[in-house]
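Asks: File model_20.pdb below, PDB, C-alpha atoms and all ligand atoms:
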```
MODEL        1
ATOM      1  CA  MET A   5     114.101  -6.765  20.080  1.00  0.00           C
ATOM      2  CA  THR A   6     112.253  -9.668  18.424  1.00  0.00           C
ATOM      3  CA  GLY A   7     109.144  -8.747  16.519  1.00  0.00           C
ATOM      4  CA  PRO A   8     105.700  -9.909  17.566  1.00  0.00           C
ATOM      5  CA  ARG A   9     104.462 -13.231  16.236  1.00  0.00           C
ATOM      6  CA  VAL A  10     100.922 -13.316  14.939  1.00  0.00           C
ATOM      7  CA  LEU A  11      98.504 -16.139  14.174  1.00  0.00           C
ATOM      8  CA  VAL A  12      95.596 -15.844  11.760  1.00  0.00           C
ATOM      9  CA  ALA A  13      93.310 -18.854  12.332  1.00  0.00           C
ATOM     10  CA  TYR A  14      90.083 -19.353  10.411  1.00  0.00           C
ATOM     11  CA  GLY A  15      87.233 -21.632   9.432  1.00  0.00           C
ATOM     12  CA  SER A  16      85.725 -21.563   5.974  1.00  0.00           C
ATOM     13  CA  ARG A  17      83.228 -23.824   4.200  1.00  0.00           C
ATOM     14  CA  ASN A  18      83.217 -22.422   0.679  1.00  0.00           C
ATOM     15  CA  GLY A  19      86.514 -20.545   0.568  1.00  0.00           C
ATOM     16  CA  SER A  20      85.579 -16.893   0.922  1.00  0.00           C
ATOM     17  CA  THR A  21      86.627 -16.606   4.572  1.00  0.00           C
ATOM     18  CA  ALA A  22      89.867 -18.367   3.666  1.00  0.00           C
ATOM     19  CA  GLU A  23      90.548 -15.663   1.070  1.00  0.00           C
ATOM     20  CA  ILE A  24      89.825 -12.927   3.627  1.00  0.00           C
ATOM     21  CA  ALA A  25      92.191 -14.595   6.093  1.00  0.00           C
ATOM     22  CA  GLN A  26      94.875 -14.807   3.378  1.00  0.00           C
ATOM     23  CA  ALA A  27      94.438 -11.113   2.572  1.00  0.00           C
ATOM     24  CA  ILE A  28      94.684 -10.152   6.254  1.00  0.00           C
ATOM     25  CA  ALA A  29      97.803 -12.274   6.756  1.00  0.00           C
ATOM     26  CA  GLY A  30      99.329 -10.645   3.676  1.00  0.00           C
ATOM     27  CA  ARG A  31      98.736  -7.162   5.078  1.00  0.00           C
ATOM     28  CA  LEU A  32     100.264  -8.113   8.433  1.00  0.00           C
ATOM     29  CA  ARG A  33     103.325  -9.587   6.726  1.00  0.00           C
ATOM     30  CA  ALA A  34     103.668  -6.460   4.603  1.00  0.00           C
ATOM     31  CA  ARG A  35     103.976  -4.539   7.890  1.00  0.00           C
ATOM     32  CA  GLY A  36     106.836  -6.793   8.918  1.00  0.00           C
ATOM     33  CA  LEU A  37     104.851  -9.003  11.295  1.00  0.00           C
ATOM     34  CA  ALA A  38     105.826 -12.693  11.365  1.00  0.00           C
ATOM     35  CA  THR A  39     102.410 -14.199  10.654  1.00  0.00           C
ATOM     36  CA  ASP A  40     101.220 -17.803  10.480  1.00  0.00           C
ATOM     37  CA  LEU A  41      98.030 -18.580   8.578  1.00  0.00           C
ATOM     38  CA  LEU A  42      96.282 -21.789   9.634  1.00  0.00           C
ATOM     39  CA  THR A  43      92.838 -23.300   9.586  1.00  0.00           C
ATOM     40  CA  ALA A  44      91.471 -23.450  13.136  1.00  0.00           C
ATOM     41  CA  ASP A  45      91.758 -27.231  13.249  1.00  0.00           C
ATOM     42  CA  GLN A  46      95.469 -27.075  12.314  1.00  0.00           C
ATOM     43  CA  VAL A  47      96.510 -24.979  15.319  1.00  0.00           C
ATOM     44  CA  GLY A  48      98.405 -26.887  18.003  1.00  0.00           C
ATOM     45  CA  ASP A  49      99.635 -24.257  20.431  1.00  0.00           C
ATOM     46  CA  VAL A  50      98.966 -20.525  20.609  1.00  0.00           C
ATOM     47  CA  GLY A  51     101.624 -20.050  23.317  1.00  0.00           C
ATOM     48  CA  HIS A  52     104.269 -18.602  21.030  1.00  0.00           C
ATOM     49  CA  TYR A  53     102.026 -15.954  19.484  1.00  0.00           C
ATOM     50  CA  ASP A  54     101.664 -12.416  20.804  1.00  0.00           C
ATOM     51  CA  ALA A  55      98.464 -11.698  18.901  1.00  0.00           C
ATOM     52  CA  VAL A  56      95.784 -13.917  17.388  1.00  0.00           C
ATOM     53  CA  LEU A  57      93.200 -13.059  14.750  1.00  0.00           C
ATOM     54  CA  VAL A  58      90.358 -15.553  14.447  1.00  0.00           C
ATOM     55  CA  GLY A  59      87.938 -15.619  11.520  1.00  0.00           C
ATOM     56  CA  SER A  60      84.868 -17.631  10.633  1.00  0.00           C
ATOM     57  CA  CYS A  61      82.166 -18.040   8.057  1.00  0.00           C
ATOM     58  CA  VAL A  62      78.603 -17.925   9.429  1.00  0.00           C
ATOM     59  CA  TYR A  63      75.857 -20.328   8.430  1.00  0.00           C
ATOM     60  CA  MET A  64      72.407 -20.170   9.946  1.00  0.00           C
ATOM     61  CA  LEU A  65      73.707 -17.827  12.674  1.00  0.00           C
ATOM     62  CA  ARG A  66      76.493 -20.248  13.628  1.00  0.00           C
ATOM     63  CA  TRP A  67      80.255 -19.865  13.427  1.00  0.00           C
ATOM     64  CA  HIS A  68      82.300 -22.677  11.938  1.00  0.00           C
ATOM     65  CA  ALA A  69      82.461 -25.572  14.427  1.00  0.00           C
ATOM     66  CA  ASP A  70      86.278 -25.792  14.159  1.00  0.00           C
ATOM     67  CA  VAL A  71      86.599 -22.121  15.088  1.00  0.00           C
ATOM     68  CA  LEU A  72      84.344 -22.439  18.116  1.00  0.00           C
ATOM     69  CA  ALA A  73      86.261 -25.552  19.194  1.00  0.00           C
ATOM     70  CA  PHE A  74      89.529 -23.633  18.765  1.00  0.00           C
ATOM     71  CA  LEU A  75      88.288 -20.716  20.906  1.00  0.00           C
ATOM     72  CA  HIS A  76      87.171 -23.057  23.663  1.00  0.00           C
ATOM     73  CA  ALA A  77      90.282 -25.239  23.574  1.00  0.00           C
ATOM     74  CA  HIS A  78      92.675 -22.261  23.793  1.00  0.00           C
ATOM     75  CA  GLU A  79      90.509 -19.962  25.896  1.00  0.00           C
ATOM     76  CA  ARG A  80      92.992 -19.580  28.763  1.00  0.00           C
ATOM     77  CA  ALA A  81      95.994 -18.885  26.546  1.00  0.00           C
ATOM     78  CA  LEU A  82      93.980 -16.495  24.395  1.00  0.00           C
ATOM     79  CA  ALA A  83      92.893 -14.565  27.499  1.00  0.00           C
ATOM     80  CA  THR A  84      96.512 -13.466  28.011  1.00  0.00           C
ATOM     81  CA  ARG A  85      96.995 -12.379  24.396  1.00  0.00           C
ATOM     82  CA  ASP A  86      95.612  -9.732  22.100  1.00  0.00           C
ATOM     83  CA  VAL A  87      92.753 -11.303  20.164  1.00  0.00           C
ATOM     84  CA  TRP A  88      90.641  -9.968  17.311  1.00  0.00           C
ATOM     85  CA  LEU A  89      87.682 -11.753  15.720  1.00  0.00           C
ATOM     86  CA  PHE A  90      86.361 -11.359  12.179  1.00  0.00           C
ATOM     87  CA  GLN A  91      83.487 -13.005  10.395  1.00  0.00           C
ATOM     88  CA  SER A  92      82.522 -13.381   6.741  1.00  0.00           C
ATOM     89  CA  GLY A  93      78.768 -13.051   6.309  1.00  0.00           C
ATOM     90  CA  PRO A  94      76.129 -11.667   5.879  1.00  0.00           C
ATOM     91  CA  LEU A  95      75.537 -11.527   2.162  1.00  0.00           C
ATOM     92  CA  ASP A  96      75.716  -7.747   2.028  1.00  0.00           C
ATOM     93  CA  ASP A  97      78.022  -5.091   3.428  1.00  0.00           C
ATOM     94  CA  LEU A  98      75.669  -2.532   4.903  1.00  0.00           C
ATOM     95  CA  PRO A  99      76.164  -0.326   7.969  1.00  0.00           C
ATOM     96  CA  GLU A 100      73.223  -1.942   9.762  1.00  0.00           C
ATOM     97  CA  THR A 101      74.511  -5.493   9.335  1.00  0.00           C
ATOM     98  CA  ARG A 102      78.096  -4.524  10.222  1.00  0.00           C
ATOM     99  CA  ASP A 103      76.874  -3.718  13.736  1.00  0.00           C
ATOM    100  CA  ARG A 104      75.127  -7.018  14.394  1.00  0.00           C
ATOM    101  CA  PRO A 105      75.987  -8.753  17.676  1.00  0.00           C
ATOM    102  CA  LEU A 106      78.113 -11.867  17.607  1.00  0.00           C
ATOM    103  CA  ALA A 107      76.324 -15.201  17.796  1.00  0.00           C
ATOM    104  CA  GLY A 108      75.605 -16.012  21.464  1.00  0.00           C
ATOM    105  CA  PRO A 109      78.107 -18.866  21.941  1.00  0.00           C
ATOM    106  CA  VAL A 110      80.858 -16.810  20.291  1.00  0.00           C
ATOM    107  CA  GLN A 111      80.067 -13.740  22.394  1.00  0.00           C
ATOM    108  CA  GLN A 112      80.252 -15.790  25.585  1.00  0.00           C
ATOM    109  CA  VAL A 113      83.716 -17.150  24.889  1.00  0.00           C
ATOM    110  CA  ALA A 114      84.817 -13.750  23.515  1.00  0.00           C
ATOM    111  CA  ASP A 115      83.779 -12.146  26.811  1.00  0.00           C
ATOM    112  CA  ARG A 116      85.803 -14.654  28.794  1.00  0.00           C
ATOM    113  CA  ILE A 117      88.858 -14.118  26.581  1.00  0.00           C
ATOM    114  CA  GLY A 118      88.469 -10.342  26.608  1.00  0.00           C
ATOM    115  CA  ILE A 119      88.891  -9.731  22.882  1.00  0.00           C
ATOM    116  CA  ARG A 120      90.096  -6.423  21.489  1.00  0.00           C
ATOM    117  CA  GLU A 121      87.410  -6.176  18.804  1.00  0.00           C
ATOM    118  CA  HIS A 122      85.182  -8.119  16.444  1.00  0.00           C
ATOM    119  CA  VAL A 123      84.378  -7.068  12.914  1.00  0.00           C
ATOM    120  CA  ILE A 124      81.810  -8.215  10.379  1.00  0.00           C
ATOM    121  CA  PHE A 125      82.712  -8.325   6.692  1.00  0.00           C
ATOM    122  CA  GLY A 126      80.296  -9.034   3.866  1.00  0.00           C
ATOM    123  CA  GLY A 127      80.616 -12.594   2.575  1.00  0.00           C
ATOM    124  CA  ARG A 128      80.285 -14.372  -0.726  1.00  0.00           C
ATOM    125  CA  LEU A 129      77.942 -16.969  -2.128  1.00  0.00           C
ATOM    126  CA  CYS A 130      78.918 -18.366  -5.522  1.00  0.00           C
ATOM    127  CA  ASP A 131      76.282 -19.272  -8.070  1.00  0.00           C
ATOM    128  CA  GLY A 132      76.289 -23.043  -8.179  1.00  0.00           C
ATOM    129  CA  ALA A 133      77.706 -23.502  -4.646  1.00  0.00           C
ATOM    130  CA  ALA A 134      77.153 -27.046  -3.400  1.00  0.00           C
ATOM    131  CA  GLY A 135      74.361 -27.720  -0.906  1.00  0.00           C
ATOM    132  CA  ALA A 136      70.586 -27.483  -0.795  1.00  0.00           C
ATOM    133  CA  LEU A 137      70.523 -24.394   1.411  1.00  0.00           C
ATOM    134  CA  GLU A 138      73.138 -22.687  -0.761  1.00  0.00           C
ATOM    135  CA  SER A 139      70.910 -23.344  -3.794  1.00  0.00           C
ATOM    136  CA  LEU A 140      67.897 -21.883  -1.989  1.00  0.00           C
ATOM    137  CA  PHE A 141      69.843 -18.761  -1.006  1.00  0.00           C
ATOM    138  CA  SER A 142      71.133 -18.485  -4.558  1.00  0.00           C
ATOM    139  CA  LEU A 143      67.645 -18.770  -6.018  1.00  0.00           C
ATOM    140  CA  GLY A 144      66.576 -16.105  -3.529  1.00  0.00           C
ATOM    141  CA  GLY A 145      68.942 -13.706  -5.268  1.00  0.00           C
ATOM    142  CA  LEU A 146      71.598 -13.680  -2.535  1.00  0.00           C
ATOM    143  CA  ALA A 147      74.472 -14.991  -4.657  1.00  0.00           C
ATOM    144  CA  GLY A 148      77.298 -12.553  -5.104  1.00  0.00           C
ATOM    145  CA  ASP A 149      80.563 -11.353  -3.675  1.00  0.00           C
ATOM    146  CA  HIS A 150      79.955  -8.772  -0.964  1.00  0.00           C
ATOM    147  CA  ARG A 151      83.494  -8.623   0.378  1.00  0.00           C
ATOM    148  CA  GLU A 152      84.761  -5.049   0.553  1.00  0.00           C
ATOM    149  CA  TRP A 153      88.487  -5.524   0.069  1.00  0.00           C
ATOM    150  CA  PRO A 154      89.509  -1.941   0.897  1.00  0.00           C
ATOM    151  CA  ARG A 155      87.639  -2.220   4.216  1.00  0.00           C
ATOM    152  CA  ILE A 156      89.266  -5.586   4.951  1.00  0.00           C
ATOM    153  CA  ASP A 157      92.719  -4.194   4.096  1.00  0.00           C
ATOM    154  CA  ALA A 158      92.158  -1.092   6.231  1.00  0.00           C
ATOM    155  CA  TRP A 159      91.075  -3.197   9.194  1.00  0.00           C
ATOM    156  CA  ALA A 160      94.107  -5.466   8.877  1.00  0.00           C
ATOM    157  CA  ASP A 161      96.397  -2.424   8.680  1.00  0.00           C
ATOM    158  CA  ALA A 162      94.804  -0.926  11.798  1.00  0.00           C
ATOM    159  CA  VAL A 163      95.258  -4.199  13.692  1.00  0.00           C
ATOM    160  CA  ALA A 164      98.897  -4.368  12.556  1.00  0.00           C
ATOM    161  CA  GLU A 165      99.454  -0.850  13.897  1.00  0.00           C
ATOM    162  CA  GLN A 166      97.978  -1.834  17.259  1.00  0.00           C
ATOM    163  CA  ILE A 167     100.157  -4.957  17.488  1.00  0.00           C
ATOM    164  CA  LEU A 168     103.287  -2.979  16.663  1.00  0.00           C
ATOM    165  CA  ALA A 169     102.378  -0.190  19.081  1.00  0.00           C
ATOM    166  CA  ARG A 170     101.819  -2.716  21.858  1.00  0.00           C
ATOM    167  CA  ARG A 171     105.265  -4.210  21.262  1.00  0.00           C
ATOM    168  CA  VAL A 172     106.926  -0.782  21.413  1.00  0.00           C
ATOM    169  CA  ALA A 173     105.103  -0.076  24.691  1.00  0.00           C
ATOM    170  CA  GLN A 174     106.263  -3.444  26.108  1.00  0.00           C
ATOM    171  CA  VAL A 175     109.873  -2.631  25.284  1.00  0.00           C
ATOM    172  CA  LEU A 176     109.678   0.857  26.762  1.00  0.00           C
ATOM    173  CA  VAL A 177     107.797  -0.251  29.895  1.00  0.00           C
ATOM    174  CA  PRO A 178     108.546  -3.962  30.510  1.00  0.00           C
ATOM    175  CA  ALA A 179     105.868  -5.822  32.482  1.00  0.00           C
TER     176      ALA A 179
HETATM  177  C1  LIG A 201      72.827 -21.490   3.619  1.00  0.00           C
HETATM  178  C2  LIG A 201      73.505 -20.241   4.055  1.00  0.00           C
HETATM  179  C3  LIG A 201      73.278 -19.727   5.328  1.00  0.00           C
HETATM  180  C4  LIG A 201      73.899 -18.541   5.740  1.00  0.00           C
HETATM  181  N1  LIG A 201      73.645 -18.045   6.981  1.00  0.00           N
HETATM  182  C5  LIG A 201      74.219 -16.879   7.352  1.00  0.00           C
HETATM  183  C6  LIG A 201      73.939 -16.317   8.636  1.00  0.00           C
HETATM  184  O1  LIG A 201      73.196 -16.863   9.442  1.00  0.00           O
HETATM  185  N2  LIG A 201      74.525 -15.125   8.957  1.00  0.00           N
HETATM  186  C7  LIG A 201      75.362 -14.496   8.102  1.00  0.00           C
HETATM  187  O2  LIG A 201      75.852 -13.420   8.425  1.00  0.00           O
HETATM  188  N3  LIG A 201      75.678 -15.021   6.879  1.00  0.00           N
HETATM  189  C8  LIG A 201      75.119 -16.179   6.492  1.00  0.00           C
HETATM  190  N4  LIG A 201      75.414 -16.725   5.280  1.00  0.00           N
HETATM  191  C9  LIG A 201      76.422 -16.091   4.452  1.00  0.00           C
HETATM  192  C10 LIG A 201      77.785 -16.762   4.589  1.00  0.00           C
HETATM  193  O3  LIG A 201      78.290 -16.561   5.880  1.00  0.00           O
HETATM  194  C11 LIG A 201      78.753 -16.183   3.553  1.00  0.00           C
HETATM  195  O4  LIG A 201      78.387 -16.705   2.312  1.00  0.00           O
HETATM  196  C12 LIG A 201      80.194 -16.477   3.874  1.00  0.00           C
HETATM  197  O5  LIG A 201      81.020 -15.620   3.115  1.00  0.00           O
HETATM  198  C13 LIG A 201      80.556 -17.922   3.600  1.00  0.00           C
HETATM  199  O6  LIG A 201      81.904 -18.141   3.966  1.00  0.00           O
HETATM  200  P1  LIG A 201      82.763 -19.339   3.348  1.00  0.00           P
HETATM  201  O7  LIG A 201      82.804 -19.130   1.845  1.00  0.00           O
HETATM  202  O8  LIG A 201      84.093 -19.155   3.968  1.00  0.00           O
HETATM  203  O9  LIG A 201      82.099 -20.605   3.722  1.00  0.00           O
HETATM  204  C14 LIG A 201      74.795 -17.875   4.862  1.00  0.00           C
HETATM  205  C15 LIG A 201      75.020 -18.414   3.583  1.00  0.00           C
HETATM  206  C16 LIG A 201      74.387 -19.567   3.176  1.00  0.00           C
HETATM  207  C17 LIG A 201      74.663 -20.099   1.808  1.00  0.00           C
ENDMDL
END
```
Would you write the structure of this file as structure tokens?
Replies:
Amino acid sequence: MTGPRVLVAYGSRNGSTAEIAQAIAGRLRARGLATDLLTADQVGDVGHYDAVLVGSCVYMLRWHADVLAFLHAHERALATRDVWLFQSGPLDDLPETRDRPLAGPVQQVADRIGIREHVIFGGRLCDGAAGALESLFSLGGLAGDHREWPRIDAWADAVAEQILARRVAQVLVPA
């Protein structure tokens, strides 16, 4: 039996979502899952993946444009695969912000795909990050690293378990 193939695709402006995506891919690989890690604009075909995890930074309530374009471009193929979404942002990691709804355009395409789950992780804003808005946020005291690595690792492990369990079920009861 061949193992499931997994794609982790992401969009990141200042690198913190990229690091989350790397950590998630590392956890999946540690569970024996063949995992590709690509920026959303690098993905050509999702057809040979069994499961896809898609991550994005959020700026002014919007997901990364490359990630939204990826979701739209591959919507039909994604609808026949197991898909999880994760986002990096807000600049805290509090129970109330973890339960925020997805941005409207992301929710709409997520509904059409029929995703398994979406999760919100705290993000990071570096002191001295480039950009006028980044400077304003920084001056407002929002700079800092709010990524909770144990929570990210635990989520990735739980997703890996679900992917592996699905494969076992497919072998026992072929479609
Ligand atoms: C100007 C600015 C706007 C932001 N807007 C949002 C937002 O609307 N919602 C949110 O959850 N996080 C927001 N954030 C937090 C970012 O999503 C967070 O810093 C994220 O980790 C950045 O990811 P990246 O380093 O991969 O670009 C904002 C940050 C900045 C600097």
Asks: Can you list, as an MDAnalysis selection string, every protein, DNA or RNA residue that comes within 9 Å of Ala27 (chain A) when you count all atoms listed in the file, leaving out same-chain residues fewer than 4 positions away?
Replies: chainID A and resid 22:23 31:32 153 156:157 160
Asks: Dump C-alpha atoms for the selected residues as a PDB file, in the frame of the given file?
Replies:
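out07.pdb, freshly written:
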```
ATOM      1  CA  ALA A  22      89.867 -18.367   3.666  1.00  0.00           C
ATOM      2  CA  GLU A  23      90.548 -15.663   1.070  1.00  0.00           C
ATOM      3  CA  ARG A  31      98.736  -7.162   5.078  1.00  0.00           C
ATOM      4  CA  LEU A  32     100.264  -8.113   8.433  1.00  0.00           C
ATOM      5  CA  TRP A 153      88.487  -5.524   0.069  1.00  0.00           C
ATOM      6  CA  ILE A 156      89.266  -5.586   4.951  1.00  0.00           C
ATOM      7  CA  ASP A 157      92.719  -4.194   4.096  1.00  0.00           C
ATOM      8  CA  ALA A 160      94.107  -5.466   8.877  1.00  0.00           C
TER       9      ALA A 160
END
```
Asks: List, as a ChimeraX atom specification, every residue that the PyMOL selection byres (((not hetatm)) within 9 of (chain A and resi 201)) selects in the file provided.
Replies: /A:14-24,60-68,91-96,101,104,124-130,133,135-142,146-151
Asks: Distance CA of Arg102 (chain A)-CA of Val123 (chain A), one decimal place?
Replies: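 Between these atoms lies a distance of 7.3 Å.
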Asks: When the PyMOL selection byres (((chain A and resi 72) around 9) and not hetatm) is applied to the file above, which residues end up in the set, as a ChimeraX atom specification?
Replies: /A:44,60,67-71,73-77,109-110,113
Asks: Show me, as lines of an AutoDock Vina configuration file, the centre and edge lengths in Å to one decimal of the axis-aligned box that covers every listed atom of region 37-49 of chain A with 8 Å on each side.
Replies:
```
center_x = 98.6
center_y = -18.1
center_z = 14.5
size_x = 30.4
size_y = 34.2
size_z = 27.9
```
Asks: Tell me, as a PyMOL selection string, which residues lie within 12 Å of Asp161 (chain A), counting all atoms listed in the file; anything in the same chain fewer than 3 positions away does not count.
Replies: chain A and resi 27-37+154-158+164-168
Asks: Between CA of Gly48 (chain A) and CA of Gly7 (chain A), what is the distance, to one decimal in Å?
Replies: 21.1 Å
Asks: By how many Å are CA of Val10 (chain A) and CA of Gly118 (chain A) apart?
Replies: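 Distance reported for this atom pair: 17.3 Å.
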Asks: Please determine, counting all atoms listed in the file, which residue among A:Val56, A:Asp131, A:Gly108, A:Glu79 has the shortest atom-to-atom distance to Gly145 (chain A).
Replies: A:Asp131
Asks: For each of A:Ala55, A:Ala134, A:Leu11, A:Ala25, take the minimum atom-to-atom distance to Asp40 (chain A), counting only C-alpha atoms, then give the residue where this is smallest.
Replies: A:Leu11
Asks: Considering all atoms listed in the file, state which residue in the set A:Thr6, A:Gln111, A:Thr43, A:Gln26 is at the smallest distance from Gln174 (chain A).
Replies: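 Smallest distance to Gln174 (chain A) is found for A:Thr6.
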Asks: Just want the 7 Å neighbourhood of Trp88 (chain A), counted on all atoms listed in the file, with same-chain residues fewer than 6 positions away dropped. Output as a list of chain:residue names.
Replies: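 My list of contacting residues is A:Val56, A:Leu57, A:Val58, A:Ile119, A:Arg120, A:Glu121, A:His122.
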